[in-house]
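**Q** Provided below: protein-v4.json, containing JSON, N, CA and C atoms.
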```json
[["chain", "number", "residue", "atom", "x", "y", "z"],
["A", 26, "MET", "N", -75.55, 205.38, -105.84],
["A", 26, "MET", "CA", -74.72, 205.16, -104.67],
["A", 26, "MET", "C", -74.09, 206.50, -104.27],
["A", 27, "PRO", "N", -74.19, 206.86, -103.00],
["A", 27, "PRO", "CA", -73.63, 208.15, -102.56],
["A", 27, "PRO", "C", -72.10, 208.15, -102.61],
["A", 28, "ILE", "N", -71.57, 209.34, -102.80],
["A", 28, "ILE", "CA", -70.11, 209.54, -102.80],
["A", 28, "ILE", "C", -69.65, 209.62, -101.35],
["A", 29, "ARG", "N", -68.69, 208.77, -100.99],
["A", 29, "ARG", "CA", -68.20, 208.69, -99.61],
["A", 29, "ARG", "C", -67.06, 209.68, -99.41],
["A", 30, "VAL", "N", -67.25, 210.59, -98.44],
["A", 30, "VAL", "CA", -66.36, 211.74, -98.28],
["A", 30, "VAL", "C", -65.75, 211.77, -96.87],
["A", 31, "ALA", "N", -64.45, 212.07, -96.81],
["A", 31, "ALA", "CA", -63.76, 212.37, -95.55],
["A", 31, "ALA", "C", -63.22, 213.79, -95.63],
["A", 32, "ILE", "N", -63.04, 214.40, -94.47],
["A", 32, "ILE", "CA", -62.57, 215.79, -94.39],
["A", 32, "ILE", "C", -61.32, 215.82, -93.52],
["A", 33, "VAL", "N", -60.27, 216.49, -94.02],
["A", 33, "VAL", "CA", -59.04, 216.70, -93.24],
["A", 33, "VAL", "C", -58.81, 218.21, -93.19],
["A", 34, "GLU", "N", -59.09, 218.79, -92.03],
["A", 34, "GLU", "CA", -59.03, 220.24, -91.85],
["A", 34, "GLU", "C", -58.72, 220.52, -90.39],
["A", 35, "ASP", "N", -57.70, 221.33, -90.12],
["A", 35, "ASP", "CA", -57.31, 221.60, -88.73],
["A", 35, "ASP", "C", -58.17, 222.66, -88.04],
["A", 36, "ASP", "N", -58.83, 223.52, -88.78],
["A", 36, "ASP", "CA", -59.68, 224.54, -88.18],
["A", 36, "ASP", "C", -61.01, 223.89, -87.79],
["A", 37, "PRO", "N", -61.32, 223.82, -86.47],
["A", 37, "PRO", "CA", -62.52, 223.09, -86.03],
["A", 37, "PRO", "C", -63.83, 223.69, -86.54],
["A", 38, "VAL", "N", -63.90, 225.00, -86.67],
["A", 38, "VAL", "CA", -65.12, 225.64, -87.15],
["A", 38, "VAL", "C", -65.34, 225.32, -88.62],
["A", 39, "LEU", "N", -64.30, 225.47, -89.42],
["A", 39, "LEU", "CA", -64.39, 225.16, -90.85],
["A", 39, "LEU", "C", -64.68, 223.68, -91.07],
["A", 40, "ARG", "N", -64.00, 222.81, -90.30],
["A", 40, "ARG", "CA", -64.21, 221.36, -90.41],
["A", 40, "ARG", "C", -65.67, 221.01, -90.11],
["A", 41, "ALA", "N", -66.24, 221.58, -89.06],
["A", 41, "ALA", "CA", -67.63, 221.32, -88.70],
["A", 41, "ALA", "C", -68.58, 221.84, -89.77],
["A", 42, "SER", "N", -68.28, 222.99, -90.34],
["A", 42, "SER", "CA", -69.12, 223.54, -91.41],
["A", 42, "SER", "C", -69.10, 222.65, -92.64],
["A", 43, "MET", "N", -67.92, 222.20, -93.00],
["A", 43, "MET", "CA", -67.79, 221.31, -94.16],
["A", 43, "MET", "C", -68.55, 220.00, -93.91],
["A", 44, "GLN", "N", -68.44, 219.48, -92.70],
["A", 44, "GLN", "CA", -69.14, 218.25, -92.35],
["A", 44, "GLN", "C", -70.65, 218.42, -92.47],
["A", 45, "ARG", "N", -71.18, 219.53, -91.97],
["A", 45, "ARG", "CA", -72.62, 219.78, -92.07],
["A", 45, "ARG", "C", -73.08, 219.84, -93.53],
["A", 46, "ILE", "N", -72.28, 220.47, -94.36],
["A", 46, "ILE", "CA", -72.63, 220.57, -95.78],
["A", 46, "ILE", "C", -72.67, 219.18, -96.41],
["A", 47, "VAL", "N", -71.67, 218.36, -96.14],
["A", 47, "VAL", "CA", -71.62, 217.01, -96.69],
["A", 47, "VAL", "C", -72.80, 216.18, -96.18],
["A", 48, "GLU", "N", -73.09, 216.28, -94.89],
["A", 48, "GLU", "CA", -74.19, 215.50, -94.31],
["A", 48, "GLU", "C", -75.55, 215.88, -94.88],
["A", 49, "ARG", "N", -75.73, 217.14, -95.27],
["A", 49, "ARG", "CA", -77.02, 217.61, -95.80],
["A", 49, "ARG", "C", -77.21, 217.26, -97.27],
["A", 50, "GLU", "N", -76.12, 216.99, -97.97],
["A", 50, "GLU", "CA", -76.19, 216.73, -99.40],
["A", 50, "GLU", "C", -76.57, 215.26, -99.63],
["A", 51, "GLY", "N", -77.66, 215.03, -100.33],
["A", 51, "GLY", "CA", -78.16, 213.68, -100.54],
["A", 51, "GLY", "C", -77.24, 212.74, -101.29],
["A", 52, "ASP", "N", -76.42, 213.28, -102.17],
["A", 52, "ASP", "CA", -75.52, 212.45, -102.98],
["A", 52, "ASP", "C", -74.19, 212.16, -102.28],
["A", 53, "LEU", "N", -74.00, 212.70, -101.08],
["A", 53, "LEU", "CA", -72.74, 212.53, -100.35],
["A", 53, "LEU", "C", -72.99, 211.78, -99.04],
["A", 54, "HIS", "N", -72.01, 211.00, -98.63],
["A", 54, "HIS", "CA", -72.08, 210.28, -97.35],
["A", 54, "HIS", "C", -70.81, 210.58, -96.57],
["A", 55, "TRP", "N", -70.96, 211.26, -95.43],
["A", 55, "TRP", "CA", -69.82, 211.64, -94.59],
["A", 55, "TRP", "C", -69.25, 210.41, -93.92],
["A", 56, "LYS", "N", -67.91, 210.21, -94.05],
["A", 56, "LYS", "CA", -67.24, 209.04, -93.48],
["A", 56, "LYS", "C", -66.29, 209.40, -92.34],
["A", 57, "GLY", "N", -66.04, 210.67, -92.10],
["A", 57, "GLY", "CA", -65.17, 211.05, -90.99],
["A", 57, "GLY", "C", -64.50, 212.38, -91.22],
["A", 58, "SER", "N", -64.16, 213.03, -90.09],
["A", 58, "SER", "CA", -63.45, 214.30, -90.13],
["A", 58, "SER", "C", -62.21, 214.18, -89.25],
["A", 59, "TYR", "N", -61.12, 214.78, -89.71],
["A", 59, "TYR", "CA", -59.83, 214.63, -89.05],
["A", 59, "TYR", "C", -59.15, 215.98, -88.94],
["A", 60, "SER", "N", -58.48, 216.23, -87.82],
["A", 60, "SER", "CA", -57.86, 217.52, -87.59],
["A", 60, "SER", "C", -56.40, 217.57, -88.05],
["A", 61, "SER", "N", -55.86, 216.45, -88.48],
["A", 61, "SER", "CA", -54.47, 216.43, -88.96],
["A", 61, "SER", "C", -54.28, 215.30, -89.97],
["A", 62, "ALA", "N", -53.22, 215.41, -90.74],
["A", 62, "ALA", "CA", -52.88, 214.35, -91.68],
["A", 62, "ALA", "C", -52.56, 213.06, -90.94],
["A", 63, "GLU", "N", -51.87, 213.19, -89.81],
["A", 63, "GLU", "CA", -51.50, 212.01, -89.03],
["A", 63, "GLU", "C", -52.74, 211.26, -88.54],
["A", 64, "GLU", "N", -53.73, 212.01, -88.08],
["A", 64, "GLU", "CA", -54.98, 211.40, -87.61],
["A", 64, "GLU", "C", -55.68, 210.69, -88.77],
["A", 65, "PHE", "N", -55.72, 211.33, -89.94],
["A", 65, "PHE", "CA", -56.35, 210.73, -91.11],
["A", 65, "PHE", "C", -55.62, 209.46, -91.53],
["A", 66, "MET", "N", -54.29, 209.51, -91.58],
["A", 66, "MET", "CA", -53.52, 208.35, -92.04],
["A", 66, "MET", "C", -53.59, 207.19, -91.06],
["A", 67, "ALA", "N", -53.92, 207.46, -89.81],
["A", 67, "ALA", "CA", -54.02, 206.40, -88.80],
["A", 67, "ALA", "C", -55.42, 205.78, -88.73],
["A", 68, "ARG", "N", -56.36, 206.27, -89.53],
["A", 68, "ARG", "CA", -57.73, 205.74, -89.47],
["A", 68, "ARG", "C", -57.72, 204.24, -89.71],
["A", 69, "THR", "N", -58.50, 203.53, -88.95],
["A", 69, "THR", "CA", -58.45, 202.07, -88.95],
["A", 69, "THR", "C", -59.02, 201.44, -90.21],
["A", 70, "SER", "N", -59.95, 202.09, -90.86],
["A", 70, "SER", "CA", -60.59, 201.47, -92.03],
["A", 70, "SER", "C", -59.81, 201.70, -93.33],
["A", 71, "GLY", "N", -58.68, 202.38, -93.26],
["A", 71, "GLY", "CA", -57.91, 202.62, -94.48],
["A", 71, "GLY", "C", -58.66, 203.51, -95.45],
["A", 72, "LEU", "N", -58.39, 203.33, -96.73],
["A", 72, "LEU", "CA", -59.01, 204.17, -97.76],
["A", 72, "LEU", "C", -60.07, 203.43, -98.56],
["A", 73, "GLU", "N", -60.30, 202.17, -98.23],
["A", 73, "GLU", "CA", -61.22, 201.35, -99.03],
["A", 73, "GLU", "C", -62.64, 201.90, -99.06],
["A", 74, "ASP", "N", -63.05, 202.60, -98.02],
["A", 74, "ASP", "CA", -64.43, 203.07, -97.93],
["A", 74, "ASP", "C", -64.59, 204.53, -98.33],
["A", 75, "LEU", "N", -63.61, 205.09, -99.04],
["A", 75, "LEU", "CA", -63.66, 206.50, -99.44],
["A", 75, "LEU", "C", -63.64, 206.67, -100.95],
["A", 76, "ASP", "N", -64.33, 207.71, -101.40],
["A", 76, "ASP", "CA", -64.28, 208.12, -102.80],
["A", 76, "ASP", "C", -63.57, 209.46, -102.94],
["A", 77, "VAL", "N", -63.80, 210.37, -101.96],
["A", 77, "VAL", "CA", -63.27, 211.73, -102.03],
["A", 77, "VAL", "C", -62.77, 212.14, -100.65],
["A", 78, "VAL", "N", -61.64, 212.86, -100.64],
["A", 78, "VAL", "CA", -61.13, 213.47, -99.41],
["A", 78, "VAL", "C", -60.99, 214.96, -99.65],
["A", 79, "LEU", "N", -61.63, 215.77, -98.80],
["A", 79, "LEU", "CA", -61.45, 217.22, -98.83],
["A", 79, "LEU", "C", -60.25, 217.51, -97.94],
["A", 80, "MET", "N", -59.14, 217.95, -98.52],
["A", 80, "MET", "CA", -57.86, 218.05, -97.83],
["A", 80, "MET", "C", -57.36, 219.48, -97.76],
["A", 81, "ASP", "N", -57.12, 219.94, -96.55],
["A", 81, "ASP", "CA", -56.46, 221.23, -96.33],
["A", 81, "ASP", "C", -54.97, 221.05, -96.64],
["A", 82, "ILE", "N", -54.32, 222.04, -97.24],
["A", 82, "ILE", "CA", -52.88, 221.96, -97.50],
["A", 82, "ILE", "C", -52.09, 222.31, -96.26],
["A", 83, "ASN", "N", -52.48, 223.38, -95.59],
["A", 83, "ASN", "CA", -51.69, 223.93, -94.49],
["A", 83, "ASN", "C", -52.10, 223.30, -93.16],
["A", 84, "LEU", "N", -51.70, 222.06, -92.96],
["A", 84, "LEU", "CA", -52.00, 221.33, -91.73],
["A", 84, "LEU", "C", -50.80, 221.36, -90.80],
["A", 85, "PRO", "N", -51.02, 221.25, -89.49],
["A", 85, "PRO", "CA", -49.89, 221.14, -88.57],
["A", 85, "PRO", "C", -49.21, 219.78, -88.76],
["A", 86, "GLY", "N", -47.92, 219.71, -88.58],
["A", 86, "GLY", "CA", -47.22, 218.44, -88.78],
["A", 86, "GLY", "C", -47.08, 218.14, -90.25],
["A", 87, "ILE", "N", -47.55, 216.98, -90.66],
["A", 87, "ILE", "CA", -47.50, 216.57, -92.07],
["A", 87, "ILE", "C", -48.47, 217.44, -92.87],
["A", 88, "THR", "N", -48.00, 218.03, -93.95],
["A", 88, "THR", "CA", -48.85, 218.89, -94.77],
["A", 88, "THR", "C", -49.85, 218.05, -95.56],
["A", 89, "GLY", "N", -50.88, 218.73, -96.06],
["A", 89, "GLY", "CA", -51.85, 218.06, -96.91],
["A", 89, "GLY", "C", -51.21, 217.52, -98.18],
["A", 90, "ILE", "N", -50.24, 218.24, -98.73],
["A", 90, "ILE", "CA", -49.54, 217.79, -99.93],
["A", 90, "ILE", "C", -48.81, 216.48, -99.67],
["A", 91, "ALA", "N", -48.08, 216.41, -98.55],
["A", 91, "ALA", "CA", -47.35, 215.19, -98.20],
["A", 91, "ALA", "C", -48.31, 214.04, -97.90],
["A", 92, "CYS", "N", -49.43, 214.34, -97.27],
["A", 92, "CYS", "CA", -50.43, 213.32, -96.96],
["A", 92, "CYS", "C", -50.99, 212.70, -98.25],
["A", 93, "ILE", "N", -51.34, 213.55, -99.20],
["A", 93, "ILE", "CA", -51.85, 213.06, -100.48],
["A", 93, "ILE", "C", -50.79, 212.21, -101.18],
["A", 94, "ALA", "N", -49.55, 212.69, -101.18],
["A", 94, "ALA", "CA", -48.46, 211.94, -101.84],
["A", 94, "ALA", "C", -48.29, 210.55, -101.23],
["A", 95, "GLU", "N", -48.51, 210.43, -99.94],
["A", 95, "GLU", "CA", -48.37, 209.12, -99.28],
["A", 95, "GLU", "C", -49.61, 208.24, -99.49],
["A", 96, "CYS", "N", -50.79, 208.84, -99.46],
["A", 96, "CYS", "CA", -52.02, 208.06, -99.53],
["A", 96, "CYS", "C", -52.45, 207.70, -100.95],
["A", 97, "LYS", "N", -52.21, 208.55, -101.91],
["A", 97, "LYS", "CA", -52.70, 208.34, -103.28],
["A", 97, "LYS", "C", -52.24, 207.01, -103.88],
["A", 98, "PRO", "N", -50.98, 206.61, -103.73],
["A", 98, "PRO", "CA", -50.57, 205.33, -104.31],
["A", 98, "PRO", "C", -51.24, 204.11, -103.66],
["A", 99, "LYS", "N", -51.73, 204.25, -102.45],
["A", 99, "LYS", "CA", -52.36, 203.12, -101.75],
["A", 99, "LYS", "C", -53.73, 202.78, -102.33],
["A", 100, "ARG", "N", -54.41, 203.78, -102.86],
["A", 100, "ARG", "CA", -55.71, 203.57, -103.52],
["A", 100, "ARG", "C", -55.93, 204.72, -104.48],
["A", 101, "GLU", "N", -55.53, 204.51, -105.71],
["A", 101, "GLU", "CA", -55.51, 205.59, -106.70],
["A", 101, "GLU", "C", -56.90, 206.10, -107.06],
["A", 102, "GLN", "N", -57.96, 205.32, -106.79],
["A", 102, "GLN", "CA", -59.31, 205.75, -107.14],
["A", 102, "GLN", "C", -59.81, 206.90, -106.26],
["A", 103, "VAL", "N", -59.24, 207.05, -105.07],
["A", 103, "VAL", "CA", -59.68, 208.13, -104.18],
["A", 103, "VAL", "C", -59.25, 209.47, -104.78],
["A", 104, "GLN", "N", -60.21, 210.39, -104.84],
["A", 104, "GLN", "CA", -59.93, 211.72, -105.36],
["A", 104, "GLN", "C", -59.72, 212.68, -104.19],
["A", 105, "TYR", "N", -58.76, 213.59, -104.33],
["A", 105, "TYR", "CA", -58.46, 214.57, -103.29],
["A", 105, "TYR", "C", -58.79, 215.96, -103.81],
["A", 106, "LEU", "N", -59.67, 216.63, -103.10],
["A", 106, "LEU", "CA", -60.00, 218.02, -103.42],
["A", 106, "LEU", "C", -59.28, 218.88, -102.40],
["A", 107, "VAL", "N", -58.41, 219.73, -102.88],
["A", 107, "VAL", "CA", -57.56, 220.53, -102.01],
["A", 107, "VAL", "C", -58.25, 221.83, -101.65],
["A", 108, "CYS", "N", -58.26, 222.11, -100.36],
["A", 108, "CYS", "CA", -58.82, 223.36, -99.83],
["A", 108, "CYS", "C", -57.66, 224.17, -99.28],
["A", 109, "THR", "N", -57.55, 225.41, -99.70],
["A", 109, "THR", "CA", -56.41, 226.21, -99.25],
["A", 109, "THR", "C", -56.69, 227.70, -99.32],
["A", 110, "ILE", "N", -55.95, 228.43, -98.51],
["A", 110, "ILE", "CA", -55.98, 229.88, -98.59],
["A", 110, "ILE", "C", -54.77, 230.40, -99.38],
["A", 111, "PHE", "N", -53.84, 229.48, -99.72],
["A", 111, "PHE", "CA", -52.66, 229.87, -100.48],
["A", 111, "PHE", "C", -53.04, 230.37, -101.86],
["A", 112, "GLU", "N", -52.31, 231.35, -102.31],
["A", 112, "GLU", "CA", -52.53, 231.89, -103.66],
["A", 112, "GLU", "C", -51.29, 231.75, -104.54],
["A", 113, "ASP", "N", -50.20, 231.22, -103.96],
["A", 113, "ASP", "CA", -48.97, 231.11, -104.74],
["A", 113, "ASP", "C", -48.96, 229.81, -105.54],
["A", 114, "ASN", "N", -48.42, 229.86, -106.74],
["A", 114, "ASN", "CA", -48.39, 228.73, -107.65],
["A", 114, "ASN", "C", -47.66, 227.51, -107.10],
["A", 115, "GLU", "N", -46.57, 227.73, -106.36],
["A", 115, "GLU", "CA", -45.78, 226.60, -105.85],
["A", 115, "GLU", "C", -46.63, 225.68, -104.98],
["A", 116, "ASN", "N", -47.34, 226.23, -104.02],
["A", 116, "ASN", "CA", -48.19, 225.40, -103.15],
["A", 116, "ASN", "C", -49.36, 224.79, -103.91],
["A", 117, "ILE", "N", -49.97, 225.57, -104.78],
["A", 117, "ILE", "CA", -51.15, 225.09, -105.49],
["A", 117, "ILE", "C", -50.79, 223.96, -106.44],
["A", 118, "PHE", "N", -49.72, 224.09, -107.21],
["A", 118, "PHE", "CA", -49.38, 223.07, -108.19],
["A", 118, "PHE", "C", -48.71, 221.85, -107.58],
["A", 119, "ASN", "N", -48.14, 221.96, -106.39],
["A", 119, "ASN", "CA", -47.63, 220.77, -105.70],
["A", 119, "ASN", "C", -48.78, 219.85, -105.40]]
```
Mind turning this structure into structure tokens?
**A**
Amino acid sequence: MPIRVAIVEDDPVLRASMQRIVEREGDLHWKGSYSSAEEFMARTSGLEDLDVVLMDINLPGITGIACIAECKPKREQVQYLVCTIFEDNENIFN
């Protein structure tokens, strides 16, 4: 069974590149791409159809860290892979 993946990334070029990579990988199934945490959290299908979310930390509005903190308790099986340019420990370990 393929791993169902969503992408949350505000940079449209990076988001499109990540989507192409997921779509080309046979073991992955792309479920949606979102430009903000708010857009992701408003998705109509909830988290039931996801296994993995590729999450940017530095999003406009609600940060990726806050988004994960809100979404993780709703379905703990979903794994979040954090994508970031930050190099400081505080952001990374949050």
**Q** Rank nothing, just name the residue among A:Gln102, A:Cys96, A:Ala91, A:Ile82 nearest to A:Ala67, using only C-alpha atoms.
**A**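 Using only C-alpha atoms, the shortest distance to A:Ala67 belongs to A:Cys96.
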**Q** So how many Å separate atom N of A:Glu95 and atom CA of A:Ser42, to one decimal?
**A**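 A separation of 25.9 Å between them.
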**Q** Hey, which of A:Leu72, A:Val107, A:Leu79, A:Met26 ends up closest to A:Leu53? Count only N, CA and C atoms.
**A**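 Counting only N, CA and C atoms, the residue closest to A:Leu53 is A:Met26.
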**Q** Can you list, as a PyMOL selection string, every residue of chain A that DSSP puts in helix (DSSP H, G or I)?
**A** chain A and resi 37-49+62-66+89-99+114-118
**Q** Which one is closest to A:Cys108: A:Pro85, A:Tyr59, A:Glu64, A:Met80? Count all atoms listed in the file.
**A**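 Looking at the shortest contact to A:Cys108, the residue is A:Met80.
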**Q** When DSSP works through the backbone of this structure, what residues of chain A end up as strand (DSSP E or B), shown as a PyMOL selection string?
**A** chain A and resi 28-33+53-59+77-81+104-108
**Q** Just give me the gap between atom CA of A:Cys92 and atom CA of A:Pro27 in Å, one decimal is fine.
**A**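 If I compute the distance from atom CA of A:Cys92 to atom CA of A:Pro27, I get 24.4 Å.
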**Q** I'd like the contact shell of A:Phe65 - 10 Å cut-off, only C-alpha atoms, skipping same-chain residues fewer than 2 positions apart - returned as a PyMOL selection string.
**A** chain A and resi 31-34+57-63+67-69+71-72+78+92+96
**Q** Mind pulling up the distance from atom CA of A:Arg29 to atom N of A:Gly86?
**A** 25.6 Å
**Q** When distances are computed from all atoms listed in the file, which of A:Asp36, A:Val103, A:Ile28, A:Asp81 shows the smallest separation from A:Gly51?
**A**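 Once distances to A:Gly51 are computed over all atoms listed in the file, the minimum belongs to A:Ile28.
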**Q** Listed atoms of stretch 49-62 of chain A, axis-aligned box, 8 Å per side: centre and edge lengths to one decimal in Å, as AutoDock Vina command-line options?
**A**
```
--center_x -65.4 --center_y 213.3 --center_z -95.3 --size_x 41.6 --size_y 24.6 --size_z 31.4
```
